[in-house]
$ cat my_file_18.json   # JSON, C-alpha atoms
[["chain", "number", "residue", "atom", "x", "y", "z"],
["A", 297, "MET", "CA", 113.50, 86.87, 49.92],
["A", 298, "LEU", "CA", 113.93, 84.23, 52.57],
["A", 299, "LEU", "CA", 114.44, 80.48, 52.31],
["A", 300, "ALA", "CA", 113.29, 78.05, 55.00],
["A", 301, "LEU", "CA", 114.15, 74.36, 55.06],
["A", 302, "ASP", "CA", 113.01, 71.36, 57.10],
["A", 303, "ALA", "CA", 115.40, 68.43, 56.53],
["A", 304, "GLY", "CA", 113.80, 65.46, 58.29],
["A", 305, "GLY", "CA", 114.37, 61.74, 58.51],
["A", 306, "SER", "CA", 112.04, 60.85, 55.62],
["A", 307, "SER", "CA", 111.71, 64.02, 53.58],
["A", 308, "THR", "CA", 113.06, 67.53, 53.06],
["A", 309, "ARG", "CA", 110.68, 70.47, 52.62],
["A", 310, "CYS", "CA", 111.65, 73.95, 51.46],
["A", 311, "LEU", "CA", 109.87, 77.23, 50.94],
["A", 312, "VAL", "CA", 110.92, 80.54, 49.46],
["A", 313, "ALA", "CA", 108.93, 83.54, 50.67],
["A", 314, "ARG", "CA", 109.01, 87.28, 50.92],
["A", 315, "SER", "CA", 109.46, 88.74, 54.38],
["A", 316, "ASP", "CA", 105.72, 89.61, 54.43],
["A", 317, "GLY", "CA", 104.85, 85.89, 54.37],
["A", 318, "THR", "CA", 103.98, 85.61, 50.68],
["A", 319, "VAL", "CA", 105.13, 82.13, 49.66],
["A", 320, "LEU", "CA", 106.64, 82.14, 46.18],
["A", 321, "GLY", "CA", 108.02, 78.63, 45.82],
["A", 322, "ARG", "CA", 108.09, 75.25, 47.51],
["A", 323, "GLY", "CA", 110.24, 72.16, 47.12],
["A", 324, "LEU", "CA", 110.22, 68.57, 48.31],
["A", 325, "GLY", "CA", 113.23, 66.25, 48.53],
["A", 326, "GLY", "CA", 114.13, 62.92, 50.08],
["A", 327, "PRO", "CA", 115.63, 62.06, 53.49],
["A", 328, "GLY", "CA", 117.60, 64.99, 54.90],
["A", 329, "ASN", "CA", 119.17, 63.56, 58.07],
["A", 330, "HIS", "CA", 122.86, 63.33, 57.18],
["A", 331, "ILE", "CA", 123.63, 61.32, 60.33],
["A", 332, "LEU", "CA", 121.23, 58.45, 59.62],
["A", 333, "SER", "CA", 120.82, 58.61, 55.84],
["A", 334, "GLY", "CA", 124.40, 59.52, 54.96],
["A", 335, "TRP", "CA", 125.83, 62.78, 53.71],
["A", 336, "GLU", "CA", 125.40, 62.12, 49.98],
["A", 337, "THR", "CA", 121.71, 61.27, 50.38],
["A", 338, "ALA", "CA", 121.00, 64.27, 52.60],
["A", 339, "ARG", "CA", 123.02, 66.59, 50.37],
["A", 340, "ALA", "CA", 121.09, 65.51, 47.27],
["A", 341, "SER", "CA", 117.76, 65.89, 49.10],
["A", 342, "ILE", "CA", 118.55, 69.42, 50.26],
["A", 343, "ILE", "CA", 119.87, 70.53, 46.86],
["A", 344, "ASP", "CA", 116.77, 69.07, 45.19],
["A", 345, "ALA", "CA", 114.31, 70.79, 47.57],
["A", 346, "VAL", "CA", 116.11, 74.14, 47.35],
["A", 347, "GLY", "CA", 116.29, 73.91, 43.56],
["A", 348, "GLN", "CA", 112.58, 73.18, 43.24],
["A", 349, "ALA", "CA", 111.59, 76.06, 45.52],
["A", 350, "CYS", "CA", 113.80, 78.56, 43.70],
["A", 351, "ALA", "CA", 112.56, 77.37, 40.29],
["A", 352, "MET", "CA", 108.93, 77.70, 41.34],
["A", 353, "ALA", "CA", 109.44, 81.20, 42.80],
["A", 354, "PRO", "CA", 111.10, 81.82, 40.31],
["A", 355, "CYS", "CA", 114.28, 83.39, 41.60],
["A", 356, "GLU", "CA", 118.02, 83.12, 41.32],
["A", 357, "ALA", "CA", 119.91, 81.64, 44.27],
["A", 358, "THR", "CA", 121.66, 84.99, 44.62],
["A", 359, "SER", "CA", 118.29, 86.64, 45.37],
["A", 360, "ILE", "CA", 117.97, 84.86, 48.72],
["A", 361, "GLY", "CA", 118.95, 87.18, 51.57],
["A", 362, "CYS", "CA", 118.65, 84.75, 54.48],
["A", 363, "ALA", "CA", 118.25, 80.97, 54.77],
["A", 364, "VAL", "CA", 117.51, 78.91, 57.88],
["A", 365, "ALA", "CA", 117.50, 75.13, 57.84],
["A", 366, "GLY", "CA", 116.03, 72.90, 60.52],
["A", 367, "SER", "CA", 117.91, 69.60, 60.27],
["A", 368, "ALA", "CA", 117.31, 66.26, 61.99],
["A", 369, "GLY", "CA", 121.09, 65.82, 61.96],
["A", 370, "VAL", "CA", 121.75, 68.97, 64.02],
["A", 371, "GLY", "CA", 121.51, 69.12, 67.82],
["A", 372, "PRO", "CA", 119.27, 71.43, 69.87],
["A", 373, "ASN", "CA", 122.13, 73.85, 70.49],
["A", 374, "GLY", "CA", 123.44, 73.75, 66.93],
["A", 375, "GLU", "CA", 125.77, 70.79, 67.37],
["A", 376, "GLY", "CA", 126.89, 69.57, 63.93],
["A", 377, "ARG", "CA", 125.47, 72.58, 62.07],
["A", 378, "GLU", "CA", 128.66, 73.37, 60.18],
["A", 379, "VAL", "CA", 128.16, 70.89, 57.32],
["A", 380, "ILE", "CA", 124.61, 72.06, 56.65],
["A", 381, "GLU", "CA", 125.61, 75.71, 56.79],
["A", 382, "ALA", "CA", 128.47, 75.05, 54.38],
["A", 383, "LEU", "CA", 126.06, 73.40, 51.92],
["A", 384, "LEU", "CA", 123.59, 76.30, 52.18],
["A", 385, "THR", "CA", 126.41, 78.77, 51.55],
["A", 386, "GLU", "CA", 127.45, 76.76, 48.51],
["A", 387, "GLN", "CA", 123.90, 76.86, 47.13],
["A", 388, "LEU", "CA", 123.01, 80.41, 48.25],
["A", 389, "PRO", "CA", 126.26, 82.37, 48.05],
["A", 390, "LEU", "CA", 124.91, 85.79, 49.08],
["A", 391, "ALA", "CA", 122.59, 84.63, 51.86],
["A", 392, "ARG", "CA", 123.06, 84.80, 55.60],
["A", 393, "VAL", "CA", 122.71, 81.12, 56.58],
["A", 394, "GLN", "CA", 121.93, 79.29, 59.79],
["A", 395, "ALA", "CA", 121.33, 75.60, 60.57],
["A", 396, "ILE", "CA", 119.37, 74.55, 63.66],
["A", 397, "GLY", "CA", 117.98, 71.31, 65.03],
["A", 398, "ASP", "CA", 114.72, 70.20, 63.45],
["A", 399, "MET", "CA", 113.13, 70.17, 66.90],
["A", 400, "VAL", "CA", 113.91, 73.90, 67.23],
["A", 401, "ALA", "CA", 112.24, 74.63, 63.89],
["A", 402, "ALA", "CA", 109.24, 72.53, 64.95],
["A", 403, "PHE", "CA", 109.01, 74.53, 68.20],
["A", 404, "TRP", "CA", 108.92, 77.93, 66.53],
["A", 405, "GLY", "CA", 106.48, 76.70, 63.91],
["A", 406, "ALA", "CA", 104.10, 74.95, 66.26],
["A", 407, "LEU", "CA", 103.74, 77.59, 68.97],
["A", 408, "ALA", "CA", 102.53, 81.18, 68.86],
["A", 409, "THR", "CA", 104.42, 81.89, 72.11],
["A", 410, "ASP", "CA", 108.16, 81.84, 72.80],
["A", 411, "PHE", "CA", 107.75, 79.31, 75.61],
["A", 412, "GLY", "CA", 106.15, 75.90, 75.84],
["A", 413, "VAL", "CA", 106.80, 72.40, 74.55],
["A", 414, "VAL", "CA", 106.48, 70.69, 71.19],
["A", 415, "VAL", "CA", 106.47, 66.93, 70.65],
["A", 416, "ALA", "CA", 107.38, 65.83, 67.13],
["A", 417, "ALA", "CA", 106.74, 62.25, 66.05],
["A", 418, "GLY", "CA", 107.38, 61.16, 62.49],
["A", 419, "THR", "CA", 109.88, 58.52, 61.42],
["A", 420, "GLY", "CA", 111.67, 59.38, 64.68],
["A", 421, "SER", "CA", 110.51, 61.32, 67.72],
["A", 422, "VAL", "CA", 111.79, 64.17, 69.86],
["A", 423, "CYS", "CA", 110.48, 66.63, 72.42],
["A", 424, "TYR", "CA", 111.77, 70.18, 72.81],
["A", 425, "GLY", "CA", 110.79, 72.93, 75.20],
["A", 426, "ARG", "CA", 111.68, 76.46, 76.14],
["A", 427, "ASN", "CA", 110.66, 78.43, 79.22],
["A", 428, "GLU", "CA", 110.05, 82.13, 79.77],
["A", 429, "ARG", "CA", 113.67, 82.61, 80.89],
["A", 430, "GLY", "CA", 114.88, 81.34, 77.51],
["A", 431, "GLU", "CA", 116.19, 78.05, 78.91],
["A", 432, "SER", "CA", 115.64, 75.07, 76.61],
["A", 433, "ARG", "CA", 115.60, 71.31, 76.93],
["A", 434, "GLN", "CA", 115.52, 68.35, 74.54],
["A", 435, "VAL", "CA", 114.05, 65.03, 75.66],
["A", 436, "GLY", "CA", 114.32, 61.98, 73.42],
["A", 437, "GLY", "CA", 115.43, 62.19, 69.83],
["A", 438, "TRP", "CA", 118.20, 59.65, 70.32],
["A", 439, "GLY", "CA", 117.60, 57.67, 67.15],
["A", 440, "HIS", "CA", 115.95, 54.34, 66.42],
["A", 441, "ILE", "CA", 118.51, 52.25, 68.34],
["A", 442, "MET", "CA", 118.69, 54.26, 71.57],
["A", 443, "GLY", "CA", 115.28, 55.91, 71.58],
["A", 444, "ASP", "CA", 112.62, 57.40, 69.30],
["A", 445, "GLU", "CA", 109.87, 56.02, 71.53],
["A", 446, "GLY", "CA", 106.42, 56.69, 70.09],
["A", 447, "SER", "CA", 107.79, 57.26, 66.58],
["A", 448, "ALA", "CA", 106.55, 55.58, 63.41],
["A", 449, "TYR", "CA", 109.61, 53.33, 63.52],
["A", 450, "ASP", "CA", 108.89, 52.37, 67.14],
["A", 451, "ILE", "CA", 105.24, 51.65, 66.30],
["A", 452, "ALA", "CA", 106.26, 49.48, 63.34],
["A", 453, "VAL", "CA", 108.81, 47.50, 65.36],
["A", 454, "ARG", "CA", 106.25, 46.91, 68.13],
["A", 455, "ALA", "CA", 103.85, 45.64, 65.46],
["A", 456, "LEU", "CA", 106.43, 43.30, 63.94],
["A", 457, "ARG", "CA", 107.14, 41.87, 67.38],
["A", 458, "ALA", "CA", 103.41, 41.43, 68.01],
["A", 459, "VAL", "CA", 103.13, 39.52, 64.74],
["A", 460, "ALA", "CA", 106.07, 37.32, 65.74],
["A", 461, "ARG", "CA", 104.45, 36.59, 69.11],
["A", 462, "ALA", "CA", 101.11, 35.81, 67.47],
["A", 463, "THR", "CA", 102.78, 33.53, 64.94],
["A", 464, "ASP", "CA", 104.53, 31.58, 67.72],
["A", 465, "GLY", "CA", 101.47, 31.48, 69.94],
["A", 466, "ARG", "CA", 103.18, 33.59, 72.60],
["A", 467, "GLY", "CA", 100.75, 36.44, 72.08],
["A", 468, "PRO", "CA", 97.17, 37.06, 70.96],
["A", 469, "HIS", "CA", 96.15, 36.82, 67.33],
["A", 470, "THR", "CA", 96.09, 40.11, 65.49],
["A", 471, "THR", "CA", 95.02, 41.12, 62.02],
["A", 472, "LEU", "CA", 98.45, 42.74, 61.78],
["A", 473, "CYS", "CA", 99.69, 39.28, 60.74],
["A", 474, "GLU", "CA", 97.75, 39.45, 57.50],
["A", 475, "ARG", "CA", 97.90, 43.20, 57.04],
["A", 476, "ILE", "CA", 101.68, 43.50, 57.37],
["A", 477, "ALA", "CA", 102.26, 40.49, 55.12],
["A", 478, "ALA", "CA", 100.05, 42.10, 52.48],
["A", 479, "ALA", "CA", 101.79, 45.45, 52.87],
["A", 480, "MET", "CA", 105.15, 43.76, 52.35],
["A", 481, "GLU", "CA", 103.80, 41.66, 49.45],
["A", 482, "VAL", "CA", 104.57, 38.29, 51.07],
["A", 483, "THR", "CA", 102.31, 35.45, 52.18],
["A", 484, "ASP", "CA", 103.49, 34.50, 55.65],
["A", 485, "PHE", "CA", 105.65, 35.51, 58.61],
["A", 486, "MET", "CA", 108.73, 33.80, 57.21],
["A", 487, "GLY", "CA", 108.39, 36.04, 54.20],
["A", 488, "ILE", "CA", 108.16, 39.05, 56.51],
["A", 489, "ALA", "CA", 111.32, 37.97, 58.35],
["A", 490, "VAL", "CA", 113.22, 37.45, 55.09],
["A", 491, "ARG", "CA", 112.21, 40.92, 53.90],
["A", 492, "VAL", "CA", 113.17, 42.59, 57.19],
["A", 493, "TYR", "CA", 116.55, 40.89, 57.60],
["A", 494, "GLY", "CA", 117.41, 39.68, 54.12],
["A", 495, "GLU", "CA", 117.21, 42.89, 52.13],
["A", 496, "PRO", "CA", 117.60, 44.37, 54.81],
["A", 497, "MET", "CA", 114.73, 46.84, 55.11],
["A", 498, "SER", "CA", 115.76, 50.42, 55.74],
["A", 499, "ARG", "CA", 114.67, 52.38, 58.78],
["A", 500, "ASP", "CA", 112.32, 54.45, 56.64],
["A", 501, "ALA", "CA", 110.76, 51.39, 55.01],
["A", 502, "ILE", "CA", 110.09, 49.81, 58.39],
["A", 503, "ALA", "CA", 108.64, 53.07, 59.72],
["A", 504, "ARG", "CA", 106.14, 53.18, 56.85],
["A", 505, "LEU", "CA", 104.49, 50.06, 58.30],
["A", 506, "ALA", "CA", 103.05, 52.34, 60.99],
["A", 507, "ILE", "CA", 100.40, 53.27, 58.40],
["A", 508, "THR", "CA", 99.29, 49.63, 58.44],
["A", 509, "VAL", "CA", 99.11, 49.65, 62.24],
["A", 510, "THR", "CA", 96.93, 52.76, 62.17],
["A", 511, "ALA", "CA", 94.57, 51.12, 59.67],
["A", 512, "ALA", "CA", 94.33, 47.97, 61.79],
["A", 513, "ALA", "CA", 93.59, 50.02, 64.91],
["A", 514, "ALA", "CA", 90.86, 51.96, 63.10],
["A", 515, "ALA", "CA", 89.31, 48.64, 62.07],
["A", 516, "GLY", "CA", 89.14, 47.54, 65.71],
["A", 517, "ASP", "CA", 92.26, 45.40, 66.13],
["A", 518, "ALA", "CA", 92.99, 45.39, 69.89],
["A", 519, "VAL", "CA", 96.71, 44.74, 69.53],
["A", 520, "ALA", "CA", 97.16, 47.62, 67.10],
["A", 521, "GLN", "CA", 95.10, 49.89, 69.34],
["A", 522, "THR", "CA", 97.33, 49.02, 72.30],
["A", 523, "ILE", "CA", 100.48, 49.75, 70.29],
["A", 524, "LEU", "CA", 99.21, 53.22, 69.34],
["A", 525, "ALA", "CA", 98.03, 53.92, 72.89],
["A", 526, "GLU", "CA", 101.48, 53.00, 74.24],
["A", 527, "ALA", "CA", 103.09, 55.26, 71.64],
["A", 528, "GLY", "CA", 100.86, 58.15, 72.70],
["A", 529, "ALA", "CA", 101.67, 57.56, 76.37],
["A", 530, "GLU", "CA", 105.43, 57.53, 75.61],
["A", 531, "LEU", "CA", 105.15, 60.83, 73.76],
["A", 532, "GLY", "CA", 103.14, 62.23, 76.66],
["A", 533, "LEU", "CA", 105.86, 61.14, 79.09],
["A", 534, "ALA", "CA", 108.44, 63.02, 77.03],
["A", 535, "ALA", "CA", 106.31, 66.17, 77.24],
["A", 536, "VAL", "CA", 105.83, 65.80, 81.00],
["A", 537, "THR", "CA", 109.56, 65.29, 81.53],
["A", 538, "THR", "CA", 110.31, 68.43, 79.53],
["A", 539, "LEU", "CA", 107.66, 70.50, 81.30],
["A", 540, "ARG", "CA", 109.04, 69.52, 84.70],
["A", 541, "ALA", "CA", 112.66, 70.11, 83.71],
["A", 542, "LEU", "CA", 111.82, 73.66, 82.61],
["A", 543, "GLU", "CA", 109.43, 74.31, 85.54],
["A", 544, "LEU", "CA", 106.59, 74.76, 83.08],
["A", 545, "ASP", "CA", 104.41, 72.23, 84.88],
["A", 546, "ARG", "CA", 103.37, 74.99, 87.31],
["A", 547, "ILE", "CA", 101.74, 77.25, 84.72],
["A", 548, "ALA", "CA", 99.32, 76.99, 81.80],
["A", 549, "ALA", "CA", 102.11, 76.27, 79.35],
["A", 550, "PRO", "CA", 101.20, 75.28, 75.78],
["A", 551, "VAL", "CA", 102.12, 71.83, 74.45],
["A", 552, "ALA", "CA", 101.83, 71.27, 70.72],
["A", 553, "TYR", "CA", 102.11, 68.03, 68.82],
["A", 554, "THR", "CA", 103.33, 67.60, 65.26],
["A", 555, "GLY", "CA", 104.33, 64.86, 62.84],
["A", 556, "ALA", "CA", 102.71, 62.02, 60.92],
["A", 557, "VAL", "CA", 102.23, 59.77, 63.97],
["A", 558, "PHE", "CA", 99.63, 62.18, 65.34],
["A", 559, "GLY", "CA", 97.78, 61.72, 62.06],
["A", 560, "ALA", "CA", 96.43, 58.53, 63.66],
["A", 561, "GLY", "CA", 94.06, 60.84, 65.52],
["A", 562, "ASP", "CA", 92.51, 60.00, 68.87],
["A", 563, "ALA", "CA", 94.22, 56.60, 68.99],
["A", 564, "VAL", "CA", 97.46, 58.47, 69.75],
["A", 565, "ILE", "CA", 96.30, 61.94, 70.81],
["A", 566, "VAL", "CA", 93.97, 60.81, 73.62],
["A", 567, "PRO", "CA", 96.57, 58.73, 75.51],
["A", 568, "PHE", "CA", 99.12, 61.49, 74.82],
["A", 569, "ALA", "CA", 96.86, 64.15, 76.33],
["A", 570, "THR", "CA", 95.80, 61.88, 79.19],
["A", 571, "ALA", "CA", 99.40, 61.26, 80.24],
["A", 572, "ILE", "CA", 100.12, 65.00, 80.26],
["A", 573, "ALA", "CA", 96.90, 66.00, 82.04],
["A", 574, "ALA", "CA", 97.50, 63.45, 84.82],
["A", 575, "ALA", "CA", 100.90, 64.94, 85.65],
["A", 576, "CYS", "CA", 100.54, 68.58, 84.56],
["A", 577, "PRO", "CA", 96.83, 69.51, 84.73],
["A", 578, "LEU", "CA", 97.40, 73.20, 83.94],
["A", 579, "THR", "CA", 98.95, 72.44, 80.55],
["A", 580, "ARG", "CA", 97.14, 73.50, 77.36],
["A", 581, "ILE", "CA", 97.41, 70.95, 74.54],
["A", 582, "ALA", "CA", 96.84, 71.93, 70.92],
["A", 583, "ALA", "CA", 97.62, 71.08, 67.33],
["A", 584, "PRO", "CA", 100.53, 73.09, 65.88],
["A", 585, "GLU", "CA", 99.96, 76.54, 64.41],
["A", 586, "PHE", "CA", 102.42, 75.97, 61.52],
["A", 587, "PRO", "CA", 104.75, 73.24, 60.19],
["A", 588, "PRO", "CA", 108.51, 73.33, 60.89],
["A", 589, "THR", "CA", 109.30, 75.15, 57.64],
["A", 590, "VAL", "CA", 107.47, 78.18, 59.01],
["A", 591, "GLY", "CA", 109.43, 77.84, 62.23],
["A", 592, "ALA", "CA", 112.60, 78.16, 60.17],
["A", 593, "PHE", "CA", 111.04, 81.12, 58.34],
["A", 594, "LYS", "CA", 110.29, 82.85, 61.66],
["A", 595, "LEU", "CA", 113.91, 82.42, 62.71],
["A", 596, "ALA", "CA", 115.07, 83.85, 59.37],
["A", 597, "LEU", "CA", 112.96, 86.93, 60.04],
["A", 598, "ARG", "CA", 114.43, 87.20, 63.52],
["A", 599, "ALA", "CA", 117.97, 86.94, 62.13],
["A", 600, "LEU", "CA", 117.19, 89.97, 59.95],
["A", 601, "GLY", "CA", 115.54, 91.90, 62.78],
["A", 602, "LEU", "CA", 112.11, 91.73, 61.10],
["A", 603, "PRO", "CA", 108.79, 91.12, 62.92],
["A", 604, "PHE", "CA", 106.42, 88.19, 62.47],
["A", 605, "THR", "CA", 103.07, 90.00, 62.37],
["A", 606, "ALA", "CA", 99.43, 88.93, 62.19],
["A", 607, "ALA", "CA", 99.50, 89.90, 58.50],
["A", 608, "THR", "CA", 102.56, 87.70, 57.95],
["A", 609, "SER", "CA", 100.79, 84.81, 59.65],
["A", 610, "ALA", "CA", 97.68, 85.27, 57.51],
["A", 611, "ALA", "CA", 99.74, 85.33, 54.31],
["A", 612, "LEU", "CA", 101.45, 82.09, 55.26],
["A", 613, "LEU", "CA", 98.18, 80.41, 56.23],
["A", 614, "ALA", "CA", 96.81, 81.17, 52.80],
["A", 615, "THR", "CA", 99.32, 78.75, 51.25],
["A", 616, "ILE", "CA", 100.30, 76.45, 54.14],
["A", 617, "GLU", "CA", 96.76, 75.48, 55.18],
["A", 618, "GLY", "CA", 96.20, 71.75, 54.71],
["A", 619, "GLU", "CA", 99.89, 70.80, 54.78],
["A", 620, "THR", "CA", 100.83, 67.99, 57.18],
["A", 621, "ARG", "CA", 102.12, 69.62, 60.32]]

$ encode --input "my_file_18.json" --output "structure tokens"
Amino acid sequence: MLLALDAGGSSTRCLVARSDGTVLGRGLGGPGNHILSGWETARASIIDAVGQACAMAPCEATSIGCAVAGSAGVGPNGEGREVIEALLTEQLPLARVQAIGDMVAAFWGALATDFGVVVAAGTGSVCYGRNERGESRQVGGWGHIMGDEGSAYDIAVRALRAVARATDGRGPHTTLCERIAAAMEVTDFMGIAVRVYGEPMSRDAIARLAITVTAAAAAGDAVAQTILAEAGAELGLAAVTTLRALELDRIAAPVAYTGAVFGAGDAVIVPFATAIAAACPLTRIAAPEFPPTVGAFKLALRALGLPFTAATSAALLATIEGETR
């Protein structure tokens, strides 16, 4: 049996499956990025998700033959993987373990090919690509202070600034003023400011306000629509930069998108696709084939020298279908 883990900024997902793709157990934990959330939080989230998946299977930890974890706290070339691998070894003493960057897991889950680009936008954002020569490149993914353009956190911060501008009269009125106040259970902008700075609000809590922005945009708010369009364009720019760096802009390379931000639909996807098509017209853009947990599962199979077949894919689809990708 194999264990696959996706330890992201907001949640940690785990699955236990046979090598033929039959999913036996699944688990869900809290924030798994040990860099941003702290080691104790990430450790507890990973232990919780692994424990749930093994209990559902059911199986003993010693039954797991290989475990691969995609972690938001690990770099694209495995930088910082040691702490995650040590934790997996502690939990799964007989398993071959490997920790990789979450963007790498997203890549192998999203694409059916071994080359192309994936753009992941959830609480944070990152773009990762690989060409036919096996060369890889990360663009973005530098955290909420130095980057994460187009992420839920970025969208929420843009919205808070738009509300501040509207409150002062420096910017146009937007229903985000009322919507964000209601979402934060306060009555005015001063209440919003006190919540943001006084508590202070966590990165994850701020990022969740992106849901409010999406609702406002769907209801026709022009400011919210502009914020989402700018987020989509930023994510498109990351894809274009990656395509060019890997010389994939010259062929019909696949670009997949994944993460909750793309759940906003056309408000984000259209400007994202438009930005890519304008610069790299040969590119093929598509929703991801599988979520990152399956990307980790594919890499676990590879580590054991086992194939990922059409039958394996079908077995996984039978249980993964409908999961947020």

$ closest_residue --input "my_file_18.json" --among "A:Gly591, A:Pro584, A:Pro603, A:Gly321" --to "A:Val415" --atoms "all atoms listed in the file"
A:Pro584

$ residues_near_point --input "my_file_18.json" --point "(119.8, 73.1, 46.3)" --cutoff "10 Å" --atoms "all atoms listed in the file" --output "list in words"
Cys310, Gly323, Gly325, Arg339, Ala340, Ser341, Ile342, Ile343, Asp344, Ala345, Val346, Gly347, Gln348, Ala349, Cys350, Ala357, Leu383, Leu384, Glu386, Gln387 and Leu388 of chain A

$ closest_residue --input "my_file_18.json" --among "A:Met352, A:Gly374, A:Ile488, A:Leu613" --to "A:Leu311" --atoms "all atoms listed in the file"
A:Met352

$ closest_residue --input "my_file_18.json" --among "A:Ala401, A:Ala513, A:Ile360, A:Ala477" --to "A:Val490" --atoms "all atoms listed in the file"
A:Ala477

$ residues_around --input "my_file_18.json" --residues "A:Gly425" --least-positions-apart "2" --cutoff "6 Å" --atoms "all atoms listed in the file" --output "MDAnalysis selection string"
chainID A and resid 412:413 432:433

$ axis_aligned_box --input "my_file_18.json" --around "stretch 381-387 of chain A" --padding-each-side "6 Å" --output "lines of an AutoDock Vina configuration file"
center_x = 126.0
center_y = 76.1
center_z = 52.0
size_x = 16.9
size_y = 17.4
size_z = 21.7

$ atom_distance --input "my_file_18.json" --atom1 "atom CA of A:Gly443" --atom2 "atom CA of A:Gly371"
15.1 Å

$ atom_distance --input "my_file_18.json" --atom1 "atom CA of A:Glu356" --atom2 "atom CA of A:Val319"
15.4 Å

$ residues_around --input "my_file_18.json" --residues "A:Ala395" --least-positions-apart "5" --cutoff "10 Å" --atoms "only C-alpha atoms" --output "tab-separated table (two decimals) with C-alpha atoms, in the coordinates of the input"
chain	number	residue	atom	x	y	z
A	301	LEU	CA	114.15	74.36	55.06
A	302	ASP	CA	113.01	71.36	57.10
A	363	ALA	CA	118.25	80.97	54.77
A	364	VAL	CA	117.51	78.91	57.88
A	365	ALA	CA	117.50	75.13	57.84
A	366	GLY	CA	116.03	72.90	60.52
A	367	SER	CA	117.91	69.60	60.27
A	369	GLY	CA	121.09	65.82	61.96
A	370	VAL	CA	121.75	68.97	64.02
A	371	GLY	CA	121.51	69.12	67.82
A	374	GLY	CA	123.44	73.75	66.93
A	375	GLU	CA	125.77	70.79	67.37
A	376	GLY	CA	126.89	69.57	63.93
A	377	ARG	CA	125.47	72.58	62.07
A	378	GLU	CA	128.66	73.37	60.18
A	379	VAL	CA	128.16	70.89	57.32
A	380	ILE	CA	124.61	72.06	56.65
A	381	GLU	CA	125.61	75.71	56.79
A	382	ALA	CA	128.47	75.05	54.38
A	384	LEU	CA	123.59	76.30	52.18
A	401	ALA	CA	112.24	74.63	63.89
A	592	ALA	CA	112.60	78.16	60.17

$ closest_residue --input "my_file_18.json" --among "A:Leu324, A:Ala512, A:Ala541, A:Val590" --to "A:Ile616" --atoms "all atoms listed in the file"
A:Val590

$ residues_around --input "my_file_18.json" --residues "A:Ala462" --least-positions-apart "6" --cutoff "12 Å" --atoms "all atoms listed in the file" --output "count of residues only"
11

$ build_atoms --input "my_file_18.json" --residues "stretch 327-339 of chain A" --atoms "N, CA and C atoms" --output "PDB file, keeping the file's coordinate frame"
ATOM      1  N   PRO A 327     115.125  62.010  52.114  1.00  0.00           N
ATOM      2  CA  PRO A 327     115.630  62.060  53.490  1.00  0.00           C
ATOM      3  C   PRO A 327     116.736  63.105  53.651  1.00  0.00           C
ATOM      4  N   GLY A 328     116.640  63.913  54.719  1.00  0.00           N
ATOM      5  CA  GLY A 328     117.600  64.990  54.900  1.00  0.00           C
ATOM      6  C   GLY A 328     118.467  64.883  56.135  1.00  0.00           C
ATOM      7  N   ASN A 329     118.352  63.756  56.870  1.00  0.00           N
ATOM      8  CA  ASN A 329     119.170  63.560  58.070  1.00  0.00           C
ATOM      9  C   ASN A 329     120.515  62.976  57.671  1.00  0.00           C
ATOM     10  N   HIS A 330     121.558  63.800  57.673  1.00  0.00           N
ATOM     11  CA  HIS A 330     122.860  63.330  57.180  1.00  0.00           C
ATOM     12  C   HIS A 330     123.537  62.349  58.135  1.00  0.00           C
ATOM     13  N   ILE A 331     123.066  62.274  59.373  1.00  0.00           N
ATOM     14  CA  ILE A 331     123.630  61.320  60.330  1.00  0.00           C
ATOM     15  C   ILE A 331     123.125  59.905  60.029  1.00  0.00           C
ATOM     16  N   LEU A 332     121.825  59.775  59.819  1.00  0.00           N
ATOM     17  CA  LEU A 332     121.230  58.450  59.620  1.00  0.00           C
ATOM     18  C   LEU A 332     121.157  58.025  58.158  1.00  0.00           C
ATOM     19  N   SER A 333     120.960  58.970  57.263  1.00  0.00           N
ATOM     20  CA  SER A 333     120.820  58.610  55.840  1.00  0.00           C
ATOM     21  C   SER A 333     122.116  58.723  55.065  1.00  0.00           C
ATOM     22  N   GLY A 334     123.133  59.337  55.671  1.00  0.00           N
ATOM     23  CA  GLY A 334     124.400  59.520  54.960  1.00  0.00           C
ATOM     24  C   GLY A 334     124.460  60.883  54.312  1.00  0.00           C
ATOM     25  N   TRP A 335     125.660  61.429  54.220  1.00  0.00           N
ATOM     26  CA  TRP A 335     125.830  62.780  53.710  1.00  0.00           C
ATOM     27  C   TRP A 335     125.388  62.927  52.260  1.00  0.00           C
ATOM     28  N   GLU A 336     125.736  61.981  51.398  1.00  0.00           N
ATOM     29  CA  GLU A 336     125.400  62.120  49.980  1.00  0.00           C
ATOM     30  C   GLU A 336     123.890  62.145  49.770  1.00  0.00           C
ATOM     31  N   THR A 337     123.171  61.293  50.499  1.00  0.00           N
ATOM     32  CA  THR A 337     121.710  61.270  50.380  1.00  0.00           C
ATOM     33  C   THR A 337     121.112  62.580  50.859  1.00  0.00           C
ATOM     34  N   ALA A 338     121.534  63.036  52.051  1.00  0.00           N
ATOM     35  CA  ALA A 338     121.000  64.270  52.600  1.00  0.00           C
ATOM     36  C   ALA A 338     121.352  65.466  51.720  1.00  0.00           C
ATOM     37  N   ARG A 339     122.569  65.492  51.233  1.00  0.00           N
ATOM     38  CA  ARG A 339     123.020  66.590  50.370  1.00  0.00           C
ATOM     39  C   ARG A 339     122.147  66.680  49.122  1.00  0.00           C
TER      40      ARG A 339
END
